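Asker: Compact mmCIF, C-alpha atoms and all ligand atoms, file input12.txt:
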# COMPACT_ATOMS: atom_id res chain seq x y z
CA MET O 1 21.49 13.40 28.77
CA VAL O 2 24.02 15.36 30.83
CA ASN O 3 27.60 14.30 30.13
CA ILE O 4 30.14 14.45 32.95
CA ALA O 5 33.91 14.28 32.64
CA VAL O 6 35.92 12.94 35.57
CA PHE O 7 39.49 14.17 36.06
CA ALA O 8 41.51 11.80 38.27
CA SER O 9 45.19 11.17 39.02
CA GLY O 10 45.18 8.07 41.22
CA ASN O 11 43.23 5.10 42.33
CA GLY O 12 39.89 6.34 41.02
CA SER O 13 37.48 4.91 43.59
CA ASN O 14 35.38 8.11 43.47
CA ALA O 15 35.43 8.03 39.67
CA VAL O 16 34.22 4.41 39.71
CA ASN O 17 31.50 5.33 42.21
CA LEU O 18 30.25 8.13 39.95
CA VAL O 19 30.12 5.79 36.96
CA LYS O 20 28.24 3.14 38.96
CA THR O 21 25.81 5.75 40.30
CA PHE O 22 24.96 7.48 37.05
CA ASN O 23 25.77 5.35 34.01
CA SER O 24 22.93 2.87 34.44
CA GLY O 25 20.37 5.72 34.27
CA SER O 26 19.25 7.75 31.28
CA ARG O 27 19.72 11.30 32.55
CA ILE O 28 23.38 11.67 33.52
CA ARG O 29 26.49 9.71 32.57
CA VAL O 30 30.22 9.85 33.02
CA ALA O 31 31.21 10.16 29.38
CA LEU O 32 34.94 10.81 29.69
CA CYS O 33 37.84 10.42 32.08
CA LEU O 34 40.99 12.53 31.76
CA THR O 35 44.13 11.88 33.73
CA ASP O 36 47.52 13.59 34.08
CA LYS O 37 49.30 10.32 35.08
CA GLU O 38 50.08 7.93 32.28
CA ASN O 39 49.68 4.73 34.29
CA ALA O 40 47.12 5.82 36.84
CA PRO O 41 44.98 2.85 37.97
CA VAL O 42 41.87 4.93 37.22
CA MET O 43 42.53 4.55 33.45
CA GLU O 44 42.14 0.80 33.48
CA LYS O 45 39.11 0.93 35.76
CA MET O 46 37.31 3.41 33.50
CA GLN O 47 38.06 1.39 30.40
CA ALA O 48 36.72 -1.73 32.13
CA LEU O 49 33.48 0.17 32.77
CA GLY O 50 33.28 1.27 29.15
CA VAL O 51 34.14 4.94 29.81
CA PRO O 52 36.62 6.51 27.36
CA ALA O 53 39.76 7.42 29.33
CA GLN O 54 42.52 9.62 28.00
CA TYR O 55 45.93 10.60 29.28
CA VAL O 56 46.80 14.29 28.85
CA ALA O 57 50.37 15.26 29.75
CA ARG O 58 50.89 17.86 32.46
CA SER O 59 52.59 20.16 29.94
CA VAL O 60 49.35 20.27 27.94
CA TRP O 61 47.27 21.06 31.02
CA LYS O 62 49.67 23.88 31.81
CA ASN O 63 50.58 25.30 28.42
CA GLU O 64 47.81 24.28 26.03
CA PRO O 65 44.62 24.25 28.10
CA GLN O 66 42.56 24.97 24.99
CA LYS O 67 43.34 21.42 23.86
CA VAL O 68 41.69 20.12 27.02
CA ILE O 69 38.67 22.34 26.39
CA ASP O 70 38.47 21.01 22.83
CA ILE O 71 38.48 17.41 24.07
CA LEU O 72 35.73 18.25 26.54
CA ARG O 73 33.63 19.97 23.86
CA ALA O 74 34.10 17.02 21.51
CA HIS O 75 32.49 14.81 24.16
CA ASP O 76 29.66 17.30 24.89
CA ILE O 77 30.81 17.61 28.49
CA GLU O 78 28.69 19.87 30.69
CA ILE O 79 29.97 19.09 34.19
CA ILE O 80 33.48 18.24 35.39
CA ALA O 81 34.15 16.23 38.56
CA LEU O 82 37.66 16.34 40.04
CA ALA O 83 38.04 12.99 41.83
CA GLY O 84 41.54 13.03 43.30
CA PHE O 85 42.99 15.17 40.51
CA LEU O 86 46.32 16.57 41.54
CA CYS O 87 47.16 18.70 38.51
CA PHE O 88 46.75 22.44 38.21
CA ILE O 89 43.60 23.51 36.32
CA ASP O 90 44.16 26.49 34.09
CA GLU O 91 42.05 29.63 34.48
CA SER O 92 40.73 29.27 30.93
CA ILE O 93 39.23 25.86 31.77
CA VAL O 94 37.71 27.26 34.98
CA LYS O 95 36.21 30.10 32.92
CA ALA O 96 34.92 27.83 30.15
CA TYR O 97 33.11 25.70 32.77
CA GLU O 98 32.40 28.39 35.34
CA GLY O 99 30.37 27.03 38.26
CA LYS O 100 30.34 23.56 36.69
CA ILE O 101 33.61 22.11 37.96
CA LEU O 102 33.32 20.26 41.27
CA ASN O 103 36.20 19.09 43.43
CA ILE O 104 36.07 16.58 46.25
CA HIS O 105 38.40 17.19 49.16
CA PRO O 106 38.98 14.85 52.14
CA SER O 107 38.53 17.38 54.97
CA LEU O 108 36.02 19.84 56.36
CA LEU O 109 37.09 22.82 54.24
CA PRO O 110 38.32 25.45 54.81
CA ALA O 111 40.27 23.38 57.37
CA TYR O 112 43.14 21.34 55.95
CA GLY O 113 42.85 22.73 52.43
CA GLY O 114 45.24 24.51 50.11
CA ARG O 115 48.56 23.73 48.47
CA GLY O 116 50.05 20.35 49.43
CA MET O 117 46.89 19.22 51.19
CA HIS O 118 45.63 16.16 49.35
CA GLY O 119 44.82 12.51 50.04
CA ALA O 120 46.90 10.89 52.81
CA ASN O 121 48.60 14.20 53.69
CA VAL O 122 45.27 15.59 54.88
CA HIS O 123 44.43 12.58 57.10
CA LYS O 124 47.92 12.57 58.60
CA ALA O 125 47.61 16.28 59.46
CA VAL O 126 44.13 15.79 60.98
CA ILE O 127 45.34 12.96 63.26
CA GLU O 128 48.53 14.79 64.24
CA ALA O 129 46.46 17.81 65.23
CA GLY O 130 44.31 15.59 67.51
CA GLU O 131 41.05 16.50 65.77
CA VAL O 132 37.95 14.66 66.97
CA LYS O 133 36.11 15.15 63.71
CA SER O 134 36.98 15.34 60.04
CA GLY O 135 34.97 14.76 56.89
CA ALA O 136 34.70 15.49 53.19
CA THR O 137 33.71 18.52 51.16
CA VAL O 138 32.54 19.00 47.59
CA HIS O 139 33.02 22.55 46.37
CA ILE O 140 32.90 24.51 43.14
CA VAL O 141 36.34 25.06 41.63
CA THR O 142 37.58 28.63 41.31
CA ASN O 143 41.06 29.96 40.62
CA GLU O 144 41.93 29.68 44.30
CA ILE O 145 42.85 26.21 45.59
CA ASP O 146 40.12 24.55 47.71
CA ALA O 147 38.40 27.90 48.28
CA GLY O 148 35.30 27.81 46.03
CA PRO O 149 31.72 27.75 47.31
CA ILE O 150 30.86 24.59 49.24
CA VAL O 151 28.12 22.44 47.70
CA VAL O 152 27.96 19.54 50.19
CA GLN O 153 29.98 18.77 53.31
CA ARG O 154 29.73 15.84 55.74
CA CYS O 155 31.50 14.90 59.00
CA VAL O 156 33.11 11.71 60.29
CA THR O 157 34.26 11.09 63.87
CA VAL O 158 37.99 10.71 64.44
CA LEU O 159 38.65 8.11 67.17
CA PRO O 160 41.86 8.05 69.27
CA GLU O 161 42.84 4.73 67.70
CA ASP O 162 42.38 6.02 64.11
CA THR O 163 45.37 5.96 61.74
CA PRO O 164 45.59 7.96 58.48
CA GLU O 165 44.54 4.76 56.68
CA THR O 166 41.45 4.02 58.81
CA LEU O 167 40.43 7.69 58.67
CA GLU O 168 40.86 7.69 54.88
CA ALA O 169 38.57 4.65 54.64
CA LYS O 170 35.88 6.42 56.73
CA VAL O 171 36.15 9.61 54.69
CA HIS O 172 35.95 7.65 51.45
CA GLU O 173 32.62 6.13 52.54
CA VAL O 174 31.22 9.63 53.06
CA GLU O 175 32.66 10.79 49.75
CA TYR O 176 30.78 8.08 47.87
CA ASP O 177 27.54 9.62 49.15
CA ILE O 178 28.22 13.33 48.84
CA PHE O 179 29.93 13.46 45.44
CA PRO O 180 26.95 12.13 43.42
CA GLU O 181 24.69 14.28 45.61
CA ALA O 182 26.67 17.42 44.77
CA VAL O 183 26.68 16.56 41.05
CA MET O 184 22.90 16.23 41.13
CA LYS O 185 22.59 19.55 42.94
CA ILE O 186 24.64 21.37 40.32
CA ILE O 187 22.78 19.75 37.45
CA ASN O 188 19.41 20.58 38.96
CA ALA O 189 20.50 24.14 39.71
CA THR O 190 21.74 24.77 36.18
CA ALA O 191 18.90 22.95 34.39
CA GLU O 192 16.98 25.31 32.10
CA PRO O 193 13.30 25.81 32.96
CA PRO O 194 10.99 23.89 30.60
CA ALA O 195 10.17 25.87 27.44
CA MET O 196 6.71 27.46 27.27
CA PRO O 197 4.43 25.52 24.90
CA LYS O 198 3.95 27.31 21.57
CA SER O 199 0.64 29.08 21.01
CA VAL O 200 -1.58 28.46 17.96
CA ASP O 201 -0.61 31.97 16.73
CA ASP O 202 3.08 31.07 16.95
CA ASP O 203 2.45 27.85 15.01
CA TRP O 204 0.60 29.69 12.20
CA ALA O 205 3.20 32.46 12.06
CA GLU O 206 5.90 29.79 11.73
CA THR O 207 3.97 27.94 9.00
CA LEU O 208 3.35 31.17 7.03
CA GLY O 209 6.90 32.40 7.62
CA VAL O 210 5.77 35.72 9.08
CA PRO O 211 6.56 37.26 12.45
CA ASN O 212 3.92 36.80 15.09
CA ASP O 213 3.19 40.29 16.34
CA ILE O 214 -0.24 39.44 17.77
CA PRO O 215 -0.04 40.19 21.47
CA PRO O 216 -1.00 37.24 23.61
CA VAL O 217 -4.56 37.31 24.91
CA GLU O 218 -4.55 38.41 28.47
CA THR O 219 -6.71 36.19 30.54
CA THR O 220 -7.74 37.69 33.80
CA PRO O 221 -9.61 35.49 36.19
CA PRO O 222 -13.23 36.53 36.75
CA GLU O 223 -13.62 38.75 39.74
CA MET O 224 -15.17 37.07 42.73
CA PRO O 225 -18.41 38.76 43.82
CA LYS O 226 -17.84 40.65 47.03
CA PRO O 227 -20.08 39.63 49.90
CA GLU O 228 -22.91 42.15 50.34
CA ALA O 229 -23.21 44.01 53.58
CA GLY O 230 -26.42 43.59 55.50
CA PRO O 231 -28.69 40.55 55.68
CA GLN O 232 -27.29 37.53 53.82
CA ALA O 233 -29.15 36.28 50.78
CA PRO O 234 -30.55 32.80 51.24
CA PHE O 235 -28.29 30.03 49.92
CA ALA O 236 -29.02 29.08 46.31
CA PRO O 237 -27.47 25.78 45.09
CA PHE O 238 -24.82 26.14 42.36
CA THR O 239 -24.61 23.74 39.45
CA PRO O 240 -21.19 23.53 37.73
CA GLY O 241 -21.24 25.04 34.23
CA SER O 242 -24.32 27.14 34.87
CA PRO O 243 -23.92 30.87 35.41
CA SER O 244 -23.70 31.83 39.04
CA PRO O 245 -27.20 32.36 40.36
CA ALA O 246 -28.01 35.96 41.14
CA PRO O 247 -28.35 36.34 44.83
CA ALA O 248 -32.01 36.08 45.77
CA SER O 249 -33.27 39.48 46.78
CA ALA O 250 -33.32 39.82 50.50
CA PRO O 251 -35.16 42.73 52.06
CA ASP O 252 -32.81 45.59 52.62
CA ALA O 253 -33.18 46.96 56.13
CA ALA O 254 -32.94 50.55 54.88
CA SER O 255 -35.42 50.22 52.01
CA GLN O 256 -37.94 48.12 53.97
CA GLU O 257 -41.24 50.00 54.51
CA PRO O 258 -42.47 50.22 58.09
CA MET O 259 -45.54 48.06 58.85
CA PRO O 260 -48.74 50.23 58.64
CA PRO O 261 -50.37 50.66 62.09
CA THR O 262 -53.68 49.27 60.70
CA TYR O 263 -51.96 45.88 60.20
CA LEU O 264 -51.10 45.78 63.87
CA ALA O 265 -54.62 46.89 64.92
CA TRP O 266 -56.24 44.24 62.75
CA ALA O 267 -53.91 41.59 64.11
CA VAL O 268 -54.91 42.47 67.69
CA VAL O 269 -58.64 42.63 66.86
CA THR O 270 -58.68 39.29 65.06
CA MET O 271 -56.65 37.66 67.80
CA VAL O 272 -59.09 38.92 70.50
CA LEU O 273 -62.24 38.12 68.50
CA CYS O 274 -61.22 34.79 67.06
CA CYS O 275 -59.08 33.27 69.75
CA PHE O 276 -59.20 35.08 73.07
CA ILE O 277 -63.01 35.62 73.69
CA PRO O 278 -64.25 32.28 72.31
CA GLY O 279 -61.38 30.55 74.09
CA ILE O 280 -62.34 32.13 77.46
CA VAL O 281 -66.01 31.17 76.96
CA ALA O 282 -64.95 27.59 76.17
CA VAL O 283 -62.77 27.44 79.34
CA VAL O 284 -65.57 28.89 81.54
CA ASN O 285 -68.06 26.35 80.20
CA SER O 286 -65.73 23.41 80.66
CA SER O 287 -65.01 24.50 84.28
CA LYS O 288 -68.77 24.56 84.87
CA VAL O 289 -69.00 20.90 83.82
CA SER O 290 -67.19 19.48 86.86
CA SER O 291 -68.66 21.94 89.42
CA ARG O 292 -72.23 21.16 88.25
CA TYR O 293 -71.55 17.45 88.12
CA TYR O 294 -70.31 17.34 91.74
CA ALA O 295 -73.22 19.54 92.81
CA GLY O 296 -75.57 16.85 91.44
CA ASP O 297 -76.83 19.11 88.61
CA TYR O 298 -76.31 16.54 85.89
CA GLU O 299 -78.50 18.39 83.37
CA GLY O 300 -76.51 21.65 83.94
CA ALA O 301 -73.21 19.72 83.56
CA ARG O 302 -74.38 18.25 80.26
CA ARG O 303 -75.37 21.73 79.01
CA ALA O 304 -72.06 23.23 80.08
CA SER O 305 -70.24 20.39 78.37
CA ARG O 306 -72.15 20.94 75.14
CA ASN O 307 -71.53 24.72 75.32
CA ALA O 308 -67.81 24.13 75.91
CA GLU O 309 -67.67 21.87 72.85
CA ILE O 310 -69.51 24.48 70.76
CA TRP O 311 -67.16 27.28 71.84
CA ILE O 312 -64.08 25.18 71.24
CA ILE O 313 -65.36 24.54 67.69
CA ILE O 314 -66.17 28.25 67.27
CA THR O 315 -62.66 29.22 68.50
CA PHE O 316 -61.10 26.78 66.05
CA VAL O 317 -63.25 27.80 63.06
CA LEU O 318 -62.91 31.55 63.67
CA GLY O 319 -59.18 31.17 64.25
CA VAL O 320 -58.72 29.32 60.98
CA ILE O 321 -60.98 31.67 58.99
CA PHE O 322 -59.56 34.95 60.25
CA ASN O 323 -55.97 33.89 60.30
CA THR O 324 -56.03 32.37 56.83
CA LEU O 325 -58.04 35.22 55.31
CA TYR O 326 -56.25 38.05 57.07
CA LEU O 327 -52.99 37.72 55.16
CA PRO O 328 -54.41 37.51 51.55
CA LEU O 329 -56.99 40.22 52.27
CA SER O 330 -54.39 42.56 53.72
CA ILE O 331 -52.10 41.96 50.73
CA ALA O 332 -55.02 42.73 48.41
CA GLY O 333 -55.15 46.10 50.19
CA MET O 334 -58.53 45.51 51.83
CA PHE O 335 -57.24 46.37 55.30
C1 LIG O 401 39.81 11.37 47.70
O1 LIG O 401 39.78 11.11 49.05
C2 LIG O 401 39.69 12.85 47.46
O2 LIG O 401 38.96 13.48 48.46
C3 LIG O 401 41.10 13.30 47.47
O3 LIG O 401 41.80 12.30 46.84
C4 LIG O 401 41.17 11.06 47.10
C5 LIG O 401 41.05 10.30 45.80
O4 LIG O 401 40.65 8.99 46.06
N1 LIG O 401 41.24 14.56 46.82
C6 LIG O 401 42.11 15.48 47.22
O5 LIG O 401 42.87 15.33 48.14
C7 LIG O 401 42.11 16.79 46.44
N2 LIG O 401 42.79 17.79 47.12
P1 LIG O 401 40.18 8.06 44.88
O6 LIG O 401 41.23 8.14 43.81
O7 LIG O 401 40.08 6.68 45.48
O8 LIG O 401 38.90 8.58 44.41
Using the file provided, produce a representation of the structure as structure tokens.
Answerer:
Amino acid sequence: MVNIAVFASGNGSNAVNLVKTFNSGSRIRVALCLTDKENAPVMEKMQALGVPAQYVARSVWKNEPQKVIDILRAHDIEIIALAGFLCFIDESIVKAYEGKILNIHPSLLPAYGGRGMHGANVHKAVIEAGEVKSGATVHIVTNEIDAGPIVVQRCVTVLPEDTPETLEAKVHEVEYDIFPEAVMKIINATAEPPAMPKSVDDDWAETLGVPNDIPPVETTPPEMPKPEAGPQAPFAPFTPGSPSPAPASAPDAASQEPMPPTYLAWAVVTMVLCCFIPGIVAVVNSSKVSSRYYAGDYEGARRASRNAEIWIIITFVLGVIFNTLYLPLSIAGMF
């Protein structure tokens, strides 16, 4: 839980808005309100919302700032939100909460900021200057008035008919959005990164009460195999959990032996003997069938037809025999 303290001097509508935004959640809460005005309306409002509110005299703020720091520490305050706080904040408080004190200002800083510029004075000055836009700024408090780094800033349009009161109402609406937003930003920015989980070695060292000087095991991810140059190995399916399959050996172009010339000669011979010659004989005989038939030589046509059939069968059988035997016989080194 991050505890916020709100410092306010007046009405306290921003303080109320912060309480309503955060106090119903479990991460951030307004845990304290400090004021420099004994009867400021904000006191009653905070008490009604169940937030401890305390009056601290201006002399204490000025001369005994450590007392303020002590009150803040007693409430475990981490962030301070100045919501219409018109009292001087001592350097020691700024230092104790460096970067964690936010102020809301009713203008587009750096315009209309600085000494004397607060609340209605700002809106009056904006309208008198004929500005067409104004707005609100949340910034980090430093030792210079209204000059710290801006956390969130938002515009409103100033219309010709606007009065300081109507402009104030518009700016307030914007303030109710940007103040919680800025608080969240600061909290998120200052949040510590989550602690690393303890190792088993750390746990044992703690149990035994000895220092753990075992260096952590370095785990380097396995190196990805680099793709081989040359012809790609055929794809081998990978099953999760099993070791990566070794790439199937693909013939390497450089190491591949040239085909012996006898292989080529035998291929040509078998093709001519088994397919080409018997095929030609079969074609010649089948062409004789029709010519003899139309010449009225029915007996010759029948013979040619039978011869064609025989040669087709011979072509088929020789083709099958030589082509199926050629490969195993050549591998066995017989050719
Ligand atoms: C707010 O508009 C705030 O910006 C302004 O006082 C008003 C307080 O209103 N602060 C300053 O002018 C600081 N220089 P609230 O009391 O209703 O929250």
Asker: Hey, which residues sit close to ligand LIG 401 (chain O)? Say within 8 Å, counting all atoms listed in the file, and write them as a PyMOL selection string.
Answerer: chain O and resi 8-16+42+82-86+103-107+113-114+117-120+122+136-137+146+168+171-172+175
Asker: Nearest to O:Asp70 among O:Ile150, O:Cys33, O:Ile93, O:Ala308, with distances taken over only C-alpha atoms: which residue is it?
Answerer: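 Selected residue with least distance to O:Asp70: O:Ile93.
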Asker: Could you check which of O:Ala182, O:Tyr176, O:Ile80, O:Ala129 is closest to O:Val158, using all atoms listed in the file?
Answerer: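 Residue with the minimum atom-to-atom distance to O:Val158: O:Ala129.
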Asker: One number please: atom CA of O:Thr35 to atom CA of O:Ala125, in Å, one decimal.
Answerer: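 Spanning atom CA of O:Thr35 to atom CA of O:Ala125 is a straight-line distance of 26.3 Å.
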Asker: Measuring between all atoms listed in the file, which one of O:Val281, O:Leu167, O:Leu109, O:Ala191 shows the shortest distance to O:His139?
Answerer: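 Between O:Val281, O:Leu167, O:Leu109, O:Ala191, the residue approaching O:His139 most closely is O:Leu109.
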Asker: Find the residues around stretch 56-66 of chain O up to 6 Å (only C-alpha atoms counted), leave out those fewer than 2 positions away in its own chain, and share them as a ChimeraX atom specification.
Answerer: /O:36,68-69
Asker: Tell me, as a VMD selection string, which residues lie within 9 Å of O:Lys100, counting only C-alpha atoms; anything in the same chain fewer than 5 positions away does not count.
Answerer: chain O and resid 78 to 81 94 140 to 141 186 to 187 190
Asker: Nearest to O:Gly99 among O:Met1, O:Leu49, O:Ile314, O:Val183, with distances taken over only C-alpha atoms: which residue is it?
Answerer: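 Once distances to O:Gly99 are computed over only C-alpha atoms, the minimum belongs to O:Val183.
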Asker: Would you mind completing stretch 27-60 of chain O to N, CA and C atoms and writing the output as an mmCIF file, keeping the file's coordinate frame?
Answerer:
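So the final result, stored in rebuild_8.cif, reads:
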data_model
loop_
_atom_site.group_PDB
_atom_site.id
_atom_site.type_symbol
_atom_site.label_atom_id
_atom_site.label_comp_id
_atom_site.auth_asym_id
_atom_site.auth_seq_id
_atom_site.Cartn_x
_atom_site.Cartn_y
_atom_site.Cartn_z
ATOM 1 N N ARG O 27 19.698 9.840 32.462
ATOM 2 C CA ARG O 27 19.720 11.300 32.550
ATOM 3 C C ARG O 27 21.144 11.869 32.598
ATOM 4 N N ILE O 28 22.010 11.174 33.315
ATOM 5 C CA ILE O 28 23.380 11.670 33.520
ATOM 6 C C ILE O 28 24.322 10.503 33.260
ATOM 7 N N ARG O 29 25.502 10.805 32.691
ATOM 8 C CA ARG O 29 26.490 9.710 32.570
ATOM 9 C C ARG O 29 27.894 10.285 32.588
ATOM 10 N N VAL O 30 28.803 9.493 33.108
ATOM 11 C CA VAL O 30 30.220 9.850 33.020
ATOM 12 C C VAL O 30 30.644 9.434 31.618
ATOM 13 N N ALA O 31 30.956 10.435 30.793
ATOM 14 C CA ALA O 31 31.210 10.160 29.380
ATOM 15 C C ALA O 31 32.690 10.221 29.029
ATOM 16 N N LEU O 32 33.507 10.650 30.005
ATOM 17 C CA LEU O 32 34.940 10.810 29.690
ATOM 18 C C LEU O 32 35.729 10.848 30.994
ATOM 19 N N CYS O 33 36.936 10.279 30.933
ATOM 20 C CA CYS O 33 37.840 10.420 32.080
ATOM 21 C C CYS O 33 39.177 10.930 31.542
ATOM 22 N N LEU O 34 39.674 11.998 32.154
ATOM 23 C CA LEU O 34 40.990 12.530 31.760
ATOM 24 C C LEU O 34 41.924 12.382 32.949
ATOM 25 N N THR O 35 43.155 11.994 32.657
ATOM 26 C CA THR O 35 44.130 11.880 33.730
ATOM 27 C C THR O 35 45.437 12.559 33.319
ATOM 28 N N ASP O 36 46.223 12.954 34.339
ATOM 29 C CA ASP O 36 47.520 13.590 34.080
ATOM 30 C C ASP O 36 48.643 12.608 34.391
ATOM 31 N N LYS O 37 48.291 11.343 34.744
ATOM 32 C CA LYS O 37 49.300 10.320 35.080
ATOM 33 C C LYS O 37 49.120 9.160 34.106
ATOM 34 N N GLU O 38 50.189 8.893 33.380
ATOM 35 C CA GLU O 38 50.080 7.930 32.280
ATOM 36 C C GLU O 38 49.572 6.563 32.733
ATOM 37 N N ASN O 39 50.067 6.095 33.868
ATOM 38 C CA ASN O 39 49.680 4.730 34.290
ATOM 39 C C ASN O 39 48.781 4.723 35.520
ATOM 40 N N ALA O 40 48.005 5.759 35.662
ATOM 41 C CA ALA O 40 47.120 5.820 36.840
ATOM 42 C C ALA O 40 46.122 4.666 36.792
ATOM 43 N N PRO O 41 45.929 3.971 37.948
ATOM 44 C CA PRO O 41 44.980 2.850 37.970
ATOM 45 C C PRO O 41 43.582 3.217 37.485
ATOM 46 N N VAL O 42 43.215 4.509 37.636
ATOM 47 C CA VAL O 42 41.870 4.930 37.220
ATOM 48 C C VAL O 42 41.618 4.668 35.733
ATOM 49 N N MET O 43 42.679 4.737 34.904
ATOM 50 C CA MET O 43 42.530 4.550 33.450
ATOM 51 C C MET O 43 41.931 3.170 33.144
ATOM 52 N N GLU O 44 42.572 2.177 33.737
ATOM 53 C CA GLU O 44 42.140 0.800 33.480
ATOM 54 C C GLU O 44 40.709 0.565 33.984
ATOM 55 N N LYS O 45 40.438 1.125 35.169
ATOM 56 C CA LYS O 45 39.110 0.930 35.760
ATOM 57 C C LYS O 45 38.019 1.546 34.876
ATOM 58 N N MET O 46 38.307 2.726 34.346
ATOM 59 C CA MET O 46 37.310 3.410 33.500
ATOM 60 C C MET O 46 37.096 2.621 32.208
ATOM 61 N N GLN O 47 38.212 2.151 31.651
ATOM 62 C CA GLN O 47 38.060 1.390 30.400
ATOM 63 C C GLN O 47 37.246 0.126 30.644
ATOM 64 N N ALA O 48 37.478 -0.505 31.798
ATOM 65 C CA ALA O 48 36.720 -1.730 32.130
ATOM 66 C C ALA O 48 35.223 -1.430 32.244
ATOM 67 N N LEU O 49 34.902 -0.212 32.623
ATOM 68 C CA LEU O 49 33.480 0.170 32.770
ATOM 69 C C LEU O 49 32.919 0.761 31.473
ATOM 70 N N GLY O 50 33.743 0.788 30.453
ATOM 71 C CA GLY O 50 33.280 1.270 29.150
ATOM 72 C C GLY O 50 33.291 2.781 29.019
ATOM 73 N N VAL O 51 34.064 3.466 29.881
ATOM 74 C CA VAL O 51 34.140 4.940 29.810
ATOM 75 C C VAL O 51 35.451 5.316 29.107
ATOM 76 N N PRO O 52 35.380 6.098 28.036
ATOM 77 C CA PRO O 52 36.620 6.510 27.360
ATOM 78 C C PRO O 52 37.555 7.234 28.321
ATOM 79 N N ALA O 53 38.799 6.802 28.408
ATOM 80 C CA ALA O 53 39.760 7.420 29.330
ATOM 81 C C ALA O 53 40.977 7.857 28.524
ATOM 82 N N GLN O 54 41.440 9.049 28.815
ATOM 83 C CA GLN O 54 42.520 9.620 28.000
ATOM 84 C C GLN O 54 43.578 10.251 28.900
ATOM 85 N N TYR O 55 44.822 9.982 28.541
ATOM 86 C CA TYR O 55 45.930 10.600 29.280
ATOM 87 C C TYR O 55 46.275 11.929 28.597
ATOM 88 N N VAL O 56 46.382 12.987 29.381
ATOM 89 C CA VAL O 56 46.800 14.290 28.850
ATOM 90 C C VAL O 56 47.998 14.735 29.685
ATOM 91 N N ALA O 57 49.122 14.930 29.034
ATOM 92 C CA ALA O 57 50.370 15.260 29.750
ATOM 93 C C ALA O 57 50.230 16.578 30.513
ATOM 94 N N ARG O 58 50.959 16.656 31.604
ATOM 95 C CA ARG O 58 50.890 17.860 32.460
ATOM 96 C C ARG O 58 51.271 19.129 31.676
ATOM 97 N N SER O 59 52.178 18.977 30.723
ATOM 98 C CA SER O 59 52.590 20.160 29.940
ATOM 99 C C SER O 59 51.406 20.719 29.146
ATOM 100 N N VAL O 60 50.533 19.818 28.703
ATOM 101 C CA VAL O 60 49.350 20.270 27.940
ATOM 102 C C VAL O 60 48.386 20.998 28.886
#
